[in-house]
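*Asks:* Starting off with a structure, shown below.
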Amino acid sequence: MNYTSTRDNSVKVSAAYAIATGISPDGGLYVPEAIPALSYEELLAVAKTDYRDRAVSVLGKYLTDFTEEELRECVDGAYTGKFGGEDVAPVVDIAENRFVLELWHGPTCAFKDMALQLLPHLLTRSVKKTCDGKEIVILVATSGDTGKAALEGFKDVPGTRIIVFYPVEGVSAIQKKQMVTQEGGNVGVCAISGNFDDAQTGVKRIFTDPETAAELAKGNMAFSSANSINWGRLAPQIVYYISAYADLMNKGVIKNKGDEVNVVVPTGNFGNILAAYYAKKMGLPIGKLICASNANNVLTDFLRTGVYDRNRHFYTTVSPSMDILISSNLERLLYDLSGCDSARVKGWMDSLAATGRYEVDDDVKAAIKELFWAGCCDDEATLATIGEVFASQHYLSDTHTAVALNVYEQYVKEFGGDVPTIIASTASPYKFAPAVLSAVAREKITDDDFAMLENLNEVSGVAIPASLADLKGKAVRFDSVCGNDTQSMRATVLEMLGL
Ligand SMILES: *Cc1c(COP(=O)(O)O)cnc(C)c1O
């Protein structure tokens, strides 16, 4: 199977090339030329296997230049023993027809692990297939979750180095501790005295700076990217929707061929819900794709009206991983719904870059209406939902998952709740303990984020994930702060690489 660009459909590259290079030179995103099919017989067969076997068979349809043996090595390296128990992505029945798909049992307690544990294995093999044995340097700018998940994924992976920049005041105490105590011989972490945008801008500039590239080449190194538009991060996410459906077949919730489920996803960059769309296109019986947003509801408006307009207030919310006004992966959906019309997609994306706004055509609007339903809620409603779901179902959810739970109840009010529904849960409640605790505890007991983990445990009875509980005693390895200008960041990168 070949991959093409959303902005130029004459492009033709292999999966390994798409993963090794990340983004097409025309600025478009790599997409499969055709979406492979999953038959009912295959679904019955994967239902009998475990998560890793399911991953090998689904990924094999997309990454056709990898052998089955290679994929098995990648999948074993990513998921064996790293996601708590046997069940990598368990489905929890919380109430009538409401099934929570927990995607956060990995090492950093957020769903980014599902893809970022696998990506390093795919990336190193992709580079071997397409480049010439260079050491890969991954640069990441993070607002919290991605940086830690990438560090854990790439830690001690031979042939790779990883450097993460985070805004010194912009991450939670727990997120900071997770990063500055990171173990591994090939990792580097540095705070910058600026905000996330400064970090992001600096990383992009260093990434494309020819002088830095020349310095790296001298040390036989080259940059690559682990950000969420890399196909190697999207493909692993398709697996868990198929796996969840298979689990519902095994539980007897799904009885007959073609029985539908709805899927609800708390959405930021549109990667997670796009994976559900691809699963549906492969033939998985998904009815509605329900897109849940927080107060940054640019996607709710878009999916309802066909007008994308980022010219609006940016809210800082209790679900920070969804605080985003440009949802990059939406471009892949538009490519598909426009009938692979890369000229039209390029027009919309050019308009977005120039004016912050575009409006899709009637054919795309009609397709969206058929496939999606969208809703949003603010912080007050998010916290109220955490409290209500805990009180009524004794299920503790994090702030991002709570947005999905809230939006699903909005959907049920309008359309009823007869269809079994998979609700994607994207983080452990402990990762956002201060907000979650304020939603379920009567009074505030402490200002210390680590004491809050224990308080939340006392109030909820839910176990603290070991990787978070262990943090407190861990030694700080990275305490440097650099300036927010590209030169300081570049100097930090070269120093960390020993160049
Ligand atoms: C990244 C993230 C999201 C948003 O996922 P997208 O794929 O960007 O839509 C939601 N919740 C959590 C906890 C995240 O870390």
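Residues are named by chain letter and number: chains run A, B, ... in the order of the structure tokens, numbers start at 1 in each chain, and ligands are numbered from 1 in the order shown.
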Determine which residues of stretch 286-464 of chain A DSSP labels as strand (DSSP E) from the backbone of this structure, then write them out as a list in words.
*Replies:* Ile286, Gly287, Lys288, Leu289, Ile290, Cys291, Ala292, Ser293, Val307, Tyr308, Asp309, Arg357, Tyr358, Glu359, Phe372, Trp373, Ala374, Gly375, Cys376, Thr421, Ile422, Ile423, Ala424 and Ser425 of chain A
*Asks:* Write the selection just made, keeping N, CA, C and O atoms, as a compact mmCIF listing (two decimals), in the first residue's frame?
*Replies:*
```txt
# COMPACT_ATOMS: atom_id res chain seq x y z
N ILE A 286 -19.61 1.04 13.13
CA ILE A 286 -19.76 2.20 14.00
C ILE A 286 -20.89 3.04 13.43
O ILE A 286 -20.91 3.31 12.22
N GLY A 287 -21.83 3.45 14.29
CA GLY A 287 -22.92 4.32 13.85
C GLY A 287 -22.43 5.75 13.80
O GLY A 287 -21.78 6.18 12.85
N LYS A 288 -22.68 6.49 14.91
CA LYS A 288 -22.24 7.89 14.94
C LYS A 288 -20.87 8.02 15.60
O LYS A 288 -20.56 7.33 16.58
N LEU A 289 -20.09 8.95 15.06
CA LEU A 289 -18.84 9.36 15.68
C LEU A 289 -19.17 10.66 16.42
O LEU A 289 -19.53 11.66 15.79
N ILE A 290 -19.06 10.62 17.74
CA ILE A 290 -19.48 11.78 18.53
C ILE A 290 -18.23 12.52 19.02
O ILE A 290 -17.41 11.96 19.76
N CYS A 291 -18.08 13.75 18.57
CA CYS A 291 -16.88 14.54 18.84
C CYS A 291 -17.14 15.46 20.03
O CYS A 291 -18.05 16.30 19.97
N ALA A 292 -16.37 15.29 21.12
CA ALA A 292 -16.59 16.08 22.33
C ALA A 292 -15.46 17.10 22.50
O ALA A 292 -14.29 16.75 22.46
N SER A 293 -15.83 18.35 22.71
CA SER A 293 -14.85 19.42 22.92
C SER A 293 -15.10 20.13 24.24
O SER A 293 -16.22 20.11 24.76
N VAL A 307 -18.21 25.52 8.76
CA VAL A 307 -17.31 26.69 8.78
C VAL A 307 -16.27 26.47 9.89
O VAL A 307 -16.63 26.30 11.05
N TYR A 308 -14.97 26.47 9.51
CA TYR A 308 -13.90 26.37 10.51
C TYR A 308 -13.38 27.77 10.74
O TYR A 308 -12.95 28.43 9.80
N ASP A 309 -13.43 28.22 11.99
CA ASP A 309 -12.99 29.59 12.27
C ASP A 309 -12.24 29.63 13.59
O ASP A 309 -12.83 29.55 14.65
N ARG A 357 -9.68 30.90 8.69
CA ARG A 357 -11.06 30.46 8.45
C ARG A 357 -11.19 29.78 7.09
O ARG A 357 -10.47 30.11 6.16
N TYR A 358 -12.09 28.80 6.99
CA TYR A 358 -12.50 28.28 5.68
C TYR A 358 -13.87 27.67 5.83
O TYR A 358 -14.33 27.38 6.93
N GLU A 359 -14.54 27.51 4.68
CA GLU A 359 -15.86 26.85 4.68
C GLU A 359 -15.84 25.75 3.65
O GLU A 359 -15.49 25.98 2.49
N PHE A 372 -21.04 12.31 11.76
CA PHE A 372 -20.64 12.87 13.05
C PHE A 372 -21.79 13.53 13.80
O PHE A 372 -22.77 14.00 13.20
N TRP A 373 -21.62 13.59 15.11
CA TRP A 373 -22.40 14.49 15.94
C TRP A 373 -21.39 15.16 16.85
O TRP A 373 -20.38 14.55 17.23
N ALA A 374 -21.60 16.45 17.17
CA ALA A 374 -20.59 17.17 17.96
C ALA A 374 -21.25 17.95 19.09
O ALA A 374 -22.36 18.47 18.95
N GLY A 375 -20.55 17.99 20.22
CA GLY A 375 -21.02 18.77 21.35
C GLY A 375 -19.84 19.25 22.17
O GLY A 375 -18.70 18.82 21.97
N CYS A 376 -20.11 20.16 23.11
CA CYS A 376 -19.03 20.70 23.95
C CYS A 376 -19.55 21.00 25.34
O CYS A 376 -20.77 21.04 25.56
N THR A 421 -22.43 2.12 23.41
CA THR A 421 -21.56 3.24 23.06
C THR A 421 -20.21 3.12 23.74
O THR A 421 -20.13 2.88 24.94
N ILE A 422 -19.16 3.27 22.93
CA ILE A 422 -17.79 3.23 23.43
C ILE A 422 -17.34 4.66 23.69
O ILE A 422 -17.35 5.50 22.79
N ILE A 423 -16.98 4.94 24.94
CA ILE A 423 -16.53 6.28 25.31
C ILE A 423 -15.03 6.23 25.56
O ILE A 423 -14.57 5.53 26.47
N ALA A 424 -14.26 6.91 24.74
CA ALA A 424 -12.80 6.86 24.88
C ALA A 424 -12.38 7.63 26.13
O ALA A 424 -12.75 8.79 26.32
N SER A 425 -11.60 6.95 26.99
CA SER A 425 -11.07 7.58 28.20
C SER A 425 -9.58 7.79 28.01
O SER A 425 -8.83 6.84 27.80
```
*Asks:* Considering only C-alpha atoms and all ligand atoms, tabulate each residue of chain A that lies at most 7 Å from ligand 1 along with its nearest interatomic pair and the corresponding distance in Å to one decimal; arrange the rows by chain and ascending residue number and present them as a tab-separated table.
*Replies:*
```
residue	atom	partner	partner_atom_place_in_ligand_line	distance
A:Ala110	CA	ligand 1	13 (C)	5.4
A:Phe111	CA	ligand 1	15 (O)	6.0
A:Lys112	CA	ligand 1	15 (O)	5.9
A:Asp145	CA	ligand 1	15 (O)	5.4
A:Thr146	CA	ligand 1	15 (O)	6.9
A:Pro266	CA	ligand 1	10 (C)	5.4
A:Thr267	CA	ligand 1	9 (O)	3.6
A:Gly268	CA	ligand 1	9 (O)	3.6
A:Asn269	CA	ligand 1	8 (O)	3.4
A:Phe270	CA	ligand 1	9 (O)	3.8
A:Gly271	CA	ligand 1	7 (O)	3.6
A:Asn272	CA	ligand 1	7 (O)	3.9
A:Ile273	CA	ligand 1	9 (O)	6.4
A:Ser321	CA	ligand 1	14 (C)	4.7
A:Met322	CA	ligand 1	4 (C)	5.2
A:His400	CA	ligand 1	11 (N)	5.1
A:Thr426	CA	ligand 1	13 (C)	4.4
A:Ala427	CA	ligand 1	13 (C)	4.5
```
*Asks:* Sorted by chain and rising residue number, which residues of stretch 314-364 of chain A lie within 10 Å of stretch 27-49 of chain A, and what are their closest atom pairs and distances in Å to one decimal, counting only C-alpha atoms, as a Markdown table?
*Replies:*
```
| residue | atom | partner | partner_atom | distance |
| --- | --- | --- | --- | --- |
| A:Ser328 | CA | A:Leu29 | CA | 8.9 |
| A:Asn329 | CA | A:Leu29 | CA | 8.1 |
| A:Glu331 | CA | A:Leu29 | CA | 7.5 |
| A:Arg332 | CA | A:Val31 | CA | 6.9 |
| A:Leu333 | CA | A:Val31 | CA | 9.7 |
| A:Tyr335 | CA | A:Val31 | CA | 8.7 |
| A:Asp336 | CA | A:Val31 | CA | 9.0 |
| A:Cys340 | CA | A:Glu33 | CA | 8.8 |
| A:Ser342 | CA | A:Gly28 | CA | 9.0 |
| A:Val345 | CA | A:Gly28 | CA | 9.1 |
| A:Lys346 | CA | A:Gly28 | CA | 8.0 |
| A:Met349 | CA | A:Gly28 | CA | 9.1 |
```
*Asks:* Output as CSV one row per residue of stretch 211-274 of chain A within 12 Å of stretch 125-138 of chain A: the closest atom pair and its distance in Å to one decimal place, counting only C-alpha atoms, sorted by chain and residue number ascending.
*Replies:*
```
residue,atom,partner,partner_atom,distance
A:Thr212,CA,A:Val137,CA,11.7
A:Ala213,CA,A:Val137,CA,10.6
A:Leu216,CA,A:Val137,CA,8.8
A:Ala217,CA,A:Lys134,CA,8.4
A:Lys218,CA,A:Lys134,CA,10.6
A:Gly219,CA,A:Glu135,CA,8.5
A:Asn220,CA,A:Lys134,CA,5.3
A:Met221,CA,A:Glu135,CA,4.5
A:Ala222,CA,A:Ile136,CA,5.2
A:Phe223,CA,A:Val137,CA,4.6
A:Ser224,CA,A:Ile138,CA,5.3
A:Ser225,CA,A:Ile138,CA,5.6
A:Ala226,CA,A:Ile138,CA,6.7
A:Asn227,CA,A:Ile138,CA,9.5
A:Trp231,CA,A:Ser126,CA,11.7
A:Gly232,CA,A:Ser126,CA,9.7
```
*Asks:* Next, dump the selected residues to file, keeping only N, CA, C and O atoms, as a PDB file, in the first residue's frame.
*Replies:*
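Output file selection.pdb is given in full below:
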```pdb
ATOM      1  N   THR A 212      21.890  23.823  11.651  1.00  0.00           N
ATOM      2  CA  THR A 212      21.776  22.786  12.684  1.00  0.00           C
ATOM      3  C   THR A 212      21.825  21.402  12.037  1.00  0.00           C
ATOM      4  O   THR A 212      22.487  20.494  12.551  1.00  0.00           O
ATOM      5  N   ALA A 213      21.124  21.262  10.905  1.00  0.00           N
ATOM      6  CA  ALA A 213      21.125  19.971  10.202  1.00  0.00           C
ATOM      7  C   ALA A 213      22.552  19.579   9.820  1.00  0.00           C
ATOM      8  O   ALA A 213      22.932  18.406   9.940  1.00  0.00           O
ATOM      9  N   LEU A 216      24.385  18.310  12.828  1.00  0.00           N
ATOM     10  CA  LEU A 216      23.953  16.949  13.138  1.00  0.00           C
ATOM     11  C   LEU A 216      24.575  15.940  12.181  1.00  0.00           C
ATOM     12  O   LEU A 216      25.005  14.860  12.603  1.00  0.00           O
ATOM     13  N   ALA A 217      24.612  16.311  10.907  1.00  0.00           N
ATOM     14  CA  ALA A 217      25.154  15.393   9.895  1.00  0.00           C
ATOM     15  C   ALA A 217      26.600  15.028  10.226  1.00  0.00           C
ATOM     16  O   ALA A 217      27.017  13.888  10.048  1.00  0.00           O
ATOM     17  N   LYS A 218      27.355  16.010  10.756  1.00  0.00           N
ATOM     18  CA  LYS A 218      28.750  15.735  11.151  1.00  0.00           C
ATOM     19  C   LYS A 218      28.814  14.616  12.182  1.00  0.00           C
ATOM     20  O   LYS A 218      29.761  13.836  12.222  1.00  0.00           O
ATOM     21  N   GLY A 219      27.843  14.567  13.068  1.00  0.00           N
ATOM     22  CA  GLY A 219      27.810  13.504  14.082  1.00  0.00           C
ATOM     23  C   GLY A 219      27.005  12.293  13.625  1.00  0.00           C
ATOM     24  O   GLY A 219      26.592  11.484  14.459  1.00  0.00           O
ATOM     25  N   ASN A 220      26.733  12.184  12.297  1.00  0.00           N
ATOM     26  CA  ASN A 220      25.910  11.106  11.735  1.00  0.00           C
ATOM     27  C   ASN A 220      24.535  11.016  12.407  1.00  0.00           C
ATOM     28  O   ASN A 220      24.042   9.944  12.745  1.00  0.00           O
ATOM     29  N   MET A 221      23.915  12.198  12.601  1.00  0.00           N
ATOM     30  CA  MET A 221      22.577  12.243  13.197  1.00  0.00           C
ATOM     31  C   MET A 221      21.640  13.007  12.268  1.00  0.00           C
ATOM     32  O   MET A 221      22.095  13.786  11.430  1.00  0.00           O
ATOM     33  N   ALA A 222      20.323  12.773  12.417  1.00  0.00           N
ATOM     34  CA  ALA A 222      19.330  13.532  11.646  1.00  0.00           C
ATOM     35  C   ALA A 222      18.065  13.678  12.492  1.00  0.00           C
ATOM     36  O   ALA A 222      17.741  12.797  13.298  1.00  0.00           O
ATOM     37  N   PHE A 223      17.356  14.790  12.294  1.00  0.00           N
ATOM     38  CA  PHE A 223      16.108  15.002  13.032  1.00  0.00           C
ATOM     39  C   PHE A 223      14.982  14.143  12.460  1.00  0.00           C
ATOM     40  O   PHE A 223      14.907  13.912  11.257  1.00  0.00           O
ATOM     41  N   SER A 224      14.096  13.722  13.336  1.00  0.00           N
ATOM     42  CA  SER A 224      12.817  13.169  12.896  1.00  0.00           C
ATOM     43  C   SER A 224      11.759  13.636  13.894  1.00  0.00           C
ATOM     44  O   SER A 224      12.091  14.248  14.901  1.00  0.00           O
ATOM     45  N   SER A 225      10.505  13.329  13.581  1.00  0.00           N
ATOM     46  CA  SER A 225       9.457  13.931  14.397  1.00  0.00           C
ATOM     47  C   SER A 225       8.520  12.884  14.980  1.00  0.00           C
ATOM     48  O   SER A 225       8.235  11.866  14.343  1.00  0.00           O
ATOM     49  N   ALA A 226       8.081  13.139  16.195  1.00  0.00           N
ATOM     50  CA  ALA A 226       7.170  12.216  16.862  1.00  0.00           C
ATOM     51  C   ALA A 226       5.821  12.877  17.084  1.00  0.00           C
ATOM     52  O   ALA A 226       5.038  12.427  17.901  1.00  0.00           O
ATOM     53  N   ASN A 227       5.543  13.952  16.353  1.00  0.00           N
ATOM     54  CA  ASN A 227       4.294  14.654  16.668  1.00  0.00           C
ATOM     55  C   ASN A 227       3.086  13.959  16.056  1.00  0.00           C
ATOM     56  O   ASN A 227       3.211  13.012  15.298  1.00  0.00           O
ATOM     57  N   TRP A 231       2.058   9.482  10.587  1.00  0.00           N
ATOM     58  CA  TRP A 231       1.185   8.324  10.361  1.00  0.00           C
ATOM     59  C   TRP A 231       1.483   7.195  11.360  1.00  0.00           C
ATOM     60  O   TRP A 231       0.607   6.430  11.744  1.00  0.00           O
ATOM     61  N   GLY A 232       2.733   7.128  11.812  1.00  0.00           N
ATOM     62  CA  GLY A 232       3.115   6.115  12.797  1.00  0.00           C
ATOM     63  C   GLY A 232       2.477   6.334  14.160  1.00  0.00           C
ATOM     64  O   GLY A 232       2.518   5.455  15.017  1.00  0.00           O
TER      65      GLY A 232
END
```
*Asks:* Name the residues in contact with A:Ser338 at a cut-off of 10 Å, using only C-alpha atoms, excluding same-chain residues fewer than 6 positions from it; report them as an NGL selection string.
*Replies:* :A and (344-345 or 360-361 or 363-365 or 367)
*Asks:* Using only C-alpha atoms, find the one residue out of A:Ser428, A:Thr355, A:Ser438, A:Ser488 that sits nearest to A:Trp104.
*Replies:*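 Smallest separation from A:Trp104 among the options: A:Ser428.
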*Asks:* Find the residue from A:Tyr51, A:Tyr277, A:Trp348, A:Tyr17 that sits nearest to A:Ser243; use only C-alpha atoms when measuring.
*Replies:*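 Closest candidate: A:Tyr51.
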*Asks:* Just want the 9 Å neighbourhood of stretch 457-469 of chain A, counted on only C-alpha atoms, with same-chain residues fewer than 5 positions away dropped. Output as an NGL selection string.
*Replies:* :A and (105 or 107-109 or 174 or 178 or 390 or 394-396 or 428 or 430-431 or 437 or 440-441 or 450 or 452)
*Asks:* For each of A:Ile94, A:Pro120, A:Thr6, A:Asp247, take the minimum atom-to-atom distance to A:Arg161, counting only C-alpha atoms, then give the residue where this is smallest.
*Replies:*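 The closest residue to A:Arg161 is A:Pro120.
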*Asks:* Report as number ranges by chain: the residues of stretch 145-257 of chain A with a DSSP assignment of alpha helix (DSSP H), based on the backbone of this structure.
*Replies:* A: 145-154, 173-180, 196-208, 210-218, 231-250
*Asks:* A:Ile162: which residues within 8 Å, counting only C-alpha atoms, same-chain residues fewer than 2 positions away excluded, as a list in words?
*Replies:*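 Contacts, in chain order: Val137, Ile138, Leu139, Val140, Leu151, Phe154, Lys155, Thr160, Val164, Asn186, Val187 and Gly188 of chain A.
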